[in-house]
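One file, run-v7.txt, carrying compact mmCIF, C-alpha atoms:
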# COMPACT_ATOMS: atom_id res chain seq x y z
CA MET A 1498 24.46 4.38 -2.66
CA SER A 1499 28.22 3.91 -2.74
CA GLY A 1500 30.45 6.80 -3.70
CA LEU A 1501 28.45 9.49 -1.87
CA LYS A 1502 30.66 12.36 -0.82
CA SER A 1503 30.45 13.79 2.68
CA SER A 1504 32.20 16.65 4.44
CA VAL A 1505 33.79 16.77 7.86
CA LEU A 1506 31.86 18.89 10.36
CA LEU A 1507 34.42 19.52 13.10
CA PRO A 1508 33.68 21.13 16.48
CA LEU A 1509 37.18 22.57 17.01
CA TYR A 1510 37.16 23.40 20.72
CA ILE A 1511 40.92 23.03 21.16
CA TYR A 1512 42.83 26.18 22.14
CA PRO A 1513 45.28 26.91 19.30
CA LEU A 1514 48.62 26.78 21.03
CA PRO A 1515 51.46 26.39 18.50
CA LYS A 1516 51.16 23.00 16.74
CA ALA A 1517 47.94 22.10 18.59
CA TRP A 1518 46.00 22.06 15.34
CA ASP A 1519 48.70 20.29 13.30
CA PRO A 1520 46.63 17.07 12.92
CA LEU A 1521 43.91 19.19 11.31
CA TYR A 1522 46.31 20.88 8.90
CA SER A 1523 47.78 17.51 7.98
CA ALA A 1524 44.31 16.16 7.17
CA ILE A 1525 43.35 19.25 5.15
CA GLU A 1526 46.54 19.21 3.11
CA SER A 1527 46.53 15.43 2.58
CA HIS A 1528 42.92 15.45 1.33
CA PRO A 1529 42.44 18.52 -0.87
CA THR A 1530 39.17 17.18 -2.31
CA LEU A 1531 37.64 16.59 1.14
CA ASP A 1532 35.74 19.58 2.51
CA PHE A 1533 36.05 20.63 6.14
CA THR A 1534 33.38 22.75 7.83
CA ILE A 1535 35.06 23.84 11.05
CA ILE A 1536 33.29 25.34 14.08
CA ILE A 1537 35.37 28.12 15.62
CA ASN A 1538 34.68 28.73 19.31
CA PRO A 1539 37.10 31.12 21.05
CA ASN A 1540 35.13 31.53 24.30
CA SER A 1541 31.73 29.78 24.19
CA GLY A 1542 31.12 32.26 21.38
CA PRO A 1543 33.20 35.01 19.75
CA GLY A 1544 34.52 36.45 23.02
CA LYS A 1545 34.48 40.03 24.25
CA THR A 1546 37.17 41.62 22.08
CA ALA A 1547 36.72 42.99 18.56
CA LEU A 1548 38.90 40.22 17.13
CA PRO A 1549 39.92 36.86 18.61
CA ASP A 1550 43.20 36.74 20.51
CA GLU A 1551 46.58 36.41 18.84
CA ASP A 1552 46.58 32.61 18.78
CA TYR A 1553 43.09 32.30 17.33
CA SER A 1554 43.71 35.11 14.85
CA ARG A 1555 46.87 33.45 13.57
CA GLU A 1556 45.16 30.10 12.99
CA ILE A 1557 41.92 31.52 11.54
CA VAL A 1558 43.94 33.39 8.93
CA ARG A 1559 45.83 30.20 8.09
CA LEU A 1560 42.67 28.07 7.85
CA ASN A 1561 40.99 30.60 5.57
CA GLN A 1562 43.76 30.11 3.03
CA TYR A 1563 42.61 26.57 2.22
CA PRO A 1564 39.98 26.23 -0.54
CA ASN A 1565 38.49 23.11 1.09
CA VAL A 1566 37.90 24.80 4.47
CA TYR A 1567 34.71 26.57 5.51
CA LEU A 1568 34.72 28.29 8.92
CA VAL A 1569 31.58 28.89 10.99
CA GLY A 1570 31.25 30.65 14.33
CA TYR A 1571 29.87 29.04 17.47
CA VAL A 1572 26.81 30.61 19.14
CA ARG A 1573 24.97 29.03 22.08
CA VAL A 1574 21.20 29.55 22.18
CA ASP A 1575 20.52 27.45 25.32
CA TRP A 1576 17.33 25.94 23.87
CA CYS A 1577 16.04 29.47 23.26
CA LYS A 1578 16.36 30.42 26.93
CA ARG A 1579 19.14 32.84 26.06
CA ASP A 1580 18.11 36.37 25.17
CA LEU A 1581 17.70 36.72 21.39
CA GLU A 1582 19.44 40.10 21.45
CA LYS A 1583 22.57 38.50 22.94
CA VAL A 1584 22.47 35.77 20.30
CA CYS A 1585 22.27 38.44 17.59
CA LEU A 1586 25.16 40.35 19.14
CA ASP A 1587 27.31 37.21 18.88
CA ILE A 1588 26.33 36.82 15.23
CA ASP A 1589 27.18 40.46 14.58
CA LYS A 1590 30.55 40.10 16.27
CA TYR A 1591 31.52 37.18 14.05
CA ALA A 1592 30.30 39.17 11.04
CA ALA A 1593 32.48 42.10 12.10
CA TRP A 1594 35.57 39.88 11.95
CA GLY A 1595 35.07 39.67 8.20
CA LYS A 1596 35.29 43.43 7.83
CA HIS A 1597 38.86 43.57 9.13
CA GLY A 1598 41.76 43.58 6.70
CA ASN A 1599 41.00 41.73 3.48
CA GLY A 1600 38.50 39.33 4.97
CA GLU A 1601 41.11 36.92 6.30
CA PHE A 1602 39.20 36.54 9.59
CA ALA A 1603 35.83 35.94 7.93
CA MET A 1604 33.37 33.29 9.07
CA LYS A 1605 31.01 31.81 6.48
CA GLY A 1606 28.14 30.91 8.75
CA ILE A 1607 26.98 30.24 12.29
CA PHE A 1608 26.64 27.02 14.30
CA PHE A 1609 23.77 27.39 16.79
CA ASP A 1610 24.45 25.01 19.66
CA GLU A 1611 21.74 23.80 22.04
CA SER A 1612 18.98 24.62 19.57
CA PRO A 1613 15.52 23.29 20.41
CA ASN A 1614 14.06 20.01 19.23
CA GLN A 1615 10.60 20.15 20.84
CA PHE A 1616 8.34 22.52 18.98
CA LYS A 1617 6.91 25.66 20.49
CA GLU A 1618 5.88 28.55 18.27
CA LYS A 1619 7.96 31.08 20.19
CA ARG A 1620 11.03 28.87 19.82
CA LYS A 1621 10.55 28.64 16.08
CA VAL A 1622 10.14 32.42 15.85
CA PHE A 1623 13.38 32.77 17.86
CA MET A 1624 15.37 30.42 15.60
CA ASP A 1625 13.92 31.87 12.39
CA ALA A 1626 14.99 35.33 13.56
CA ALA A 1627 18.50 34.09 14.37
CA ASP A 1628 18.79 32.43 10.96
CA GLU A 1629 17.61 35.58 9.23
CA ARG A 1630 20.21 37.60 11.13
CA VAL A 1631 22.90 35.31 9.72
CA LYS A 1632 21.61 35.53 6.16
CA ASN A 1633 21.58 39.35 6.33
CA ALA A 1634 24.89 39.74 8.19
CA ASP A 1635 27.28 41.91 6.20
CA GLY A 1636 30.75 40.54 6.90
CA LEU A 1637 29.88 36.85 6.87
CA GLY A 1638 31.10 35.23 3.68
CA GLY A 1639 30.13 32.35 1.44
CA TRP A 1640 26.64 30.92 1.82
CA ARG A 1641 26.19 32.38 5.32
CA LEU A 1642 25.47 28.85 6.42
CA THR A 1643 22.98 28.31 9.25
CA ILE A 1644 23.47 25.18 11.35
CA HIS A 1645 21.19 24.10 14.20
CA ASN A 1646 22.36 21.57 16.76
CA PRO A 1647 19.49 20.09 18.77
CA GLY A 1648 21.53 16.90 19.03
CA THR A 1649 18.49 14.88 18.02
CA VAL A 1650 15.80 14.97 15.34
CA PRO A 1651 13.77 18.15 15.83
CA ASP A 1652 10.01 18.16 15.58
CA PRO A 1653 8.87 18.48 11.95
CA GLU A 1654 7.61 22.07 12.37
CA TYR A 1655 11.22 23.34 12.51
CA ALA A 1656 11.79 22.19 8.92
CA ASN A 1657 9.68 24.94 7.38
CA PRO A 1658 11.75 26.65 6.14
CA GLY A 1659 14.40 25.46 8.57
CA PRO A 1660 18.15 26.05 8.64
CA ASP A 1661 20.62 25.05 5.95
CA LEU A 1662 21.85 22.18 8.11
CA THR A 1663 20.66 20.36 11.24
CA THR A 1664 22.69 18.05 13.48
CA VAL A 1665 20.10 15.32 13.97
CA PHE A 1666 22.28 13.16 16.22
CA GLU A 1667 25.02 14.10 18.69
CA THR A 1668 25.85 11.60 21.39
CA GLU A 1669 27.58 8.31 22.01
CA TYR A 1670 27.57 5.37 19.61
CA LYS A 1671 25.74 3.07 22.03
CA HIS A 1672 22.74 5.41 21.81
CA PHE A 1673 22.98 5.56 18.03
CA LYS A 1674 22.41 1.79 18.00
CA ASP A 1675 19.26 2.11 20.13
CA PRO A 1676 16.17 1.00 18.15
CA GLU A 1677 14.08 3.82 19.62
CA VAL A 1678 16.59 6.40 18.39
CA GLN A 1679 16.57 4.86 14.93
CA GLN A 1680 12.77 4.84 14.95
CA ARG A 1681 12.71 8.56 15.78
CA LEU A 1682 15.11 9.25 12.92
CA THR A 1683 12.83 7.30 10.60
CA ASN A 1684 9.57 8.84 11.75
CA LEU A 1685 10.44 12.51 12.32
CA LEU A 1686 13.31 13.39 10.01
CA ARG A 1687 12.15 15.98 7.45
CA TYR A 1688 15.52 16.93 5.96
CA ASP A 1689 17.20 15.36 2.98
CA ARG A 1690 20.79 14.14 3.11
CA ASP A 1691 22.34 17.49 2.15
CA ARG A 1692 20.73 19.19 5.15
CA CYS A 1693 21.72 16.63 7.80
CA SER A 1694 24.74 16.12 10.00
CA TYR A 1695 25.63 13.44 12.53
CA MET A 1696 28.16 13.56 15.37
CA VAL A 1697 28.71 10.06 16.76
CA LEU A 1698 30.98 9.74 19.77
CA SER A 1699 32.84 7.00 21.69
CA VAL A 1700 32.86 4.70 18.67
CA PRO A 1701 34.85 1.47 18.95
CA LYS A 1702 37.82 1.48 16.62
CA SER A 1703 36.65 -1.62 14.76
CA ASP A 1704 33.26 -0.06 14.02
CA VAL A 1705 34.49 3.22 12.52
CA PRO A 1706 34.74 2.22 8.82
CA ASP A 1707 31.26 0.67 8.66
CA LEU A 1708 29.70 3.48 10.68
CA VAL A 1709 31.23 6.16 8.46
CA ARG A 1710 29.92 4.38 5.36
CA GLU A 1711 26.44 4.35 6.90
CA LEU A 1712 26.62 8.01 7.93
CA LYS A 1713 27.77 9.03 4.46
CA ARG A 1714 24.60 7.47 3.12
CA ARG A 1715 22.50 9.44 5.59
CA ALA A 1716 24.23 12.83 5.76
CA LYS A 1717 26.49 15.18 3.88
CA TYR A 1718 28.22 16.38 7.08
CA ILE A 1719 29.63 14.00 9.68
CA TYR A 1720 31.96 13.71 12.65
CA VAL A 1721 33.03 10.50 14.41
CA SER A 1722 35.24 10.21 17.49
CA GLU A 1723 36.72 7.14 19.13
CA SER A 1724 37.54 9.07 22.31
CA LYS A 1725 35.67 8.15 25.49
CA ARG A 1726 35.38 11.78 26.63
CA GLY A 1727 36.59 15.26 25.64
CA TRP A 1728 35.51 14.51 22.07
CA TYR A 1729 35.95 18.08 20.84
CA GLU A 1730 38.98 19.01 22.93
CA LYS A 1731 41.50 16.68 21.27
CA PHE A 1732 41.98 14.93 17.95
CA GLY A 1733 42.52 11.54 19.55
CA GLU A 1734 44.10 8.39 18.19
CA GLY A 1735 41.20 7.74 15.83
CA TRP A 1736 41.34 11.09 14.00
CA ASP A 1737 43.32 9.83 11.01
CA ARG A 1738 41.17 6.70 10.78
CA PHE A 1739 38.02 8.82 10.65
CA ILE A 1740 39.45 11.14 7.99
CA GLU A 1741 40.54 8.23 5.80
CA ALA A 1742 37.08 6.68 6.09
CA VAL A 1743 35.31 9.91 5.10
CA ALA A 1744 37.70 10.49 2.21
CA SER A 1745 37.18 6.96 0.90
CA HIS A 1746 35.00 6.61 -2.19
CA CYS A 1747 33.32 3.43 -0.94

Now that the file is in, can you turn its structure into structure tokens?
Amino acid sequence: MSGLKSSVLLPLYIYPLPKAWDPLYSAIESHPTLDFTIIINPNSGPGKTALPDEDYSREIVRLNQYPNVYLVGYVRVDWCKRDLEKVCLDIDKYAAWGKHGNGEFAMKGIFFDESPNQFKEKRKVFMDAADERVKNADGLGGWRLTIHNPGTVPDPEYANPGPDLTTVFETEYKHFKDPEVQQRLTNLLRYDRDRCSYMVLSVPKSDVPDLVRELKRRAKYIYVSESKRGWYEKFGEGWDRFIEAVASHC
């Protein structure tokens, strides 16, 4: 199983003041064969204006110039408690970005945060409708990727047909090591490697290389942070170590 290639799935919830995203640009430019799927989140969603503010606009245009970068917009569904119409309006707003200029603001999919894991028919209907909205959204580019983030393995019913990608684990490393969590991953997971992502947080520095190797075996999209808190609001001291581990061929 060695040599499997994975991509970075990065929740980029850092406001783009000048140079704030420099560690990301350094990683992108230093690893041109490593793909980065980056979640753009101006204001817990696309925000109220037609285009993101000047700082976000500047950096989105820059990121879209890299061939190994794939931008997706953040939409919160609040475990399907949010009104579906509002979710669709957020999708449409991200899609509208792609119609400005020459497509330099375009997103290529949507990351649905707080998606459900426990099955109810009405929740599945909700998520299927949101996914369909993405797939039919004129203005979104690329594959129009649909990503669900329940943060844990969803009940098997969500896999038919299911999104393009599901984040089947998002919490701290100590929970990842829990036998009950691993048992749930074994028993309920209905997605193959290409449709899975893991976000493992608060990882001890010494454990990062081995963990990344394990995650690359399990999932095509991964994110690991050594930070104790604020995992998505800073790059942290372990950012370069994580990138090197993902880019490694072993």

Margin query: Residues within 12 Å of Ala1716 in chain A, please, as a VMD selection string. Count all atoms listed in the file; anything in the same chain fewer than 4 positions from it doesn't count.
Written below: chain A and resid 1498 1501 to 1506 1662 to 1666 1686 1688 to 1696 1708 to 1712 1720 1743

For Gly1636 in chain A, the closest of A:Phe1602, A:Phe1609, A:Phe1616, A:Trp1736 counting only C-alpha atoms is A:Phe1602

query = Pick from A:Arg1687, A:Glu1669, A:Ala1626, A:Asp1675: nearest to Trp1728 in chain A, with only C-alpha atoms counted?
reply =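 Using only C-alpha atoms, the shortest distance to Trp1728 in chain A belongs to A:Glu1669.
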
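Atom pair CA of Leu1637 in chain A / CA of Lys1583 in chain A: separated by 17.7 Å.
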
CA of Pro1660 in chain A to CA of Ser1699 in chain A measures 27.4 Å

Q.
Please determine, counting only C-alpha atoms, which residue among A:Glu1730, A:Asp1589, A:Glu1618, A:Glu1526 has the shortest atom-to-atom distance to Asp1652 in chain A.
A.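 Between A:Glu1730, A:Asp1589, A:Glu1618, A:Glu1526, the residue approaching Asp1652 in chain A most closely is A:Glu1618.
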
Checklist entry - Of the candidates A:Leu1521, A:Gly1638, A:Gly1542, A:Tyr1512, which shows the shortest atom-to-atom distance to Phe1732 in chain A, using all atoms listed in the file? => result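 Comparing A:Leu1521, A:Gly1638, A:Gly1542, A:Tyr1512 against Phe1732 in chain A, the winner is A:Leu1521.
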
Restricting to all atoms listed in the file, whichever of A:Gly1735, A:Lys1596, A:Val1566, A:Pro1513 is closest to Ala1634 in chain A is A:Lys1596

Practice problem: Excluding Pro1543 in chain A and any residue of its chain fewer than 2 positions from it, enumerate the residues within 9 Å of it, using only C-alpha atoms, and give them as a PyMOL selection string. | Solution: chain A and resi 1537-1541+1545-1549+1570-1572+1587-1588+1590-1591

Go ahead and save the residues from that selection, with C-alpha atoms, as a short mmCIF file (atom, residue, chain, number, x, y, z; two decimals), in the coordinates of the input.
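And here is the file that came out, part.cif:
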data_model
loop_
_atom_site.label_atom_id
_atom_site.label_comp_id
_atom_site.auth_asym_id
_atom_site.auth_seq_id
_atom_site.Cartn_x
_atom_site.Cartn_y
_atom_site.Cartn_z
CA ILE A 1537 35.37 28.12 15.62
CA ASN A 1538 34.68 28.73 19.31
CA PRO A 1539 37.10 31.12 21.05
CA ASN A 1540 35.13 31.53 24.30
CA SER A 1541 31.73 29.78 24.19
CA LYS A 1545 34.48 40.03 24.25
CA THR A 1546 37.17 41.62 22.08
CA ALA A 1547 36.72 42.99 18.56
CA LEU A 1548 38.90 40.22 17.13
CA PRO A 1549 39.92 36.86 18.61
CA GLY A 1570 31.25 30.65 14.33
CA TYR A 1571 29.87 29.04 17.47
CA VAL A 1572 26.81 30.61 19.14
CA ASP A 1587 27.31 37.21 18.88
CA ILE A 1588 26.33 36.82 15.23
CA LYS A 1590 30.55 40.10 16.27
CA TYR A 1591 31.52 37.18 14.05
#

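In terms of minimum interatomic distance to Arg1714 in chain A, A:His1746 ranks closest within A:Lys1621, A:Arg1681, A:Lys1671, A:His1746, counting all atoms listed in the file.
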
Students should find that CA of Lys1702 in chain A and CA of Ser1722 in chain A are spaced 9.1 Å

> Could you name the residues that touch Trp1576 in chain A at 7 Å or less, counting only C-alpha atoms, but leaving out those on the same chain fewer than 5 positions away, as a list in words?
Replying inline: Glu1611, Ser1612 and Pro1613 of chain A
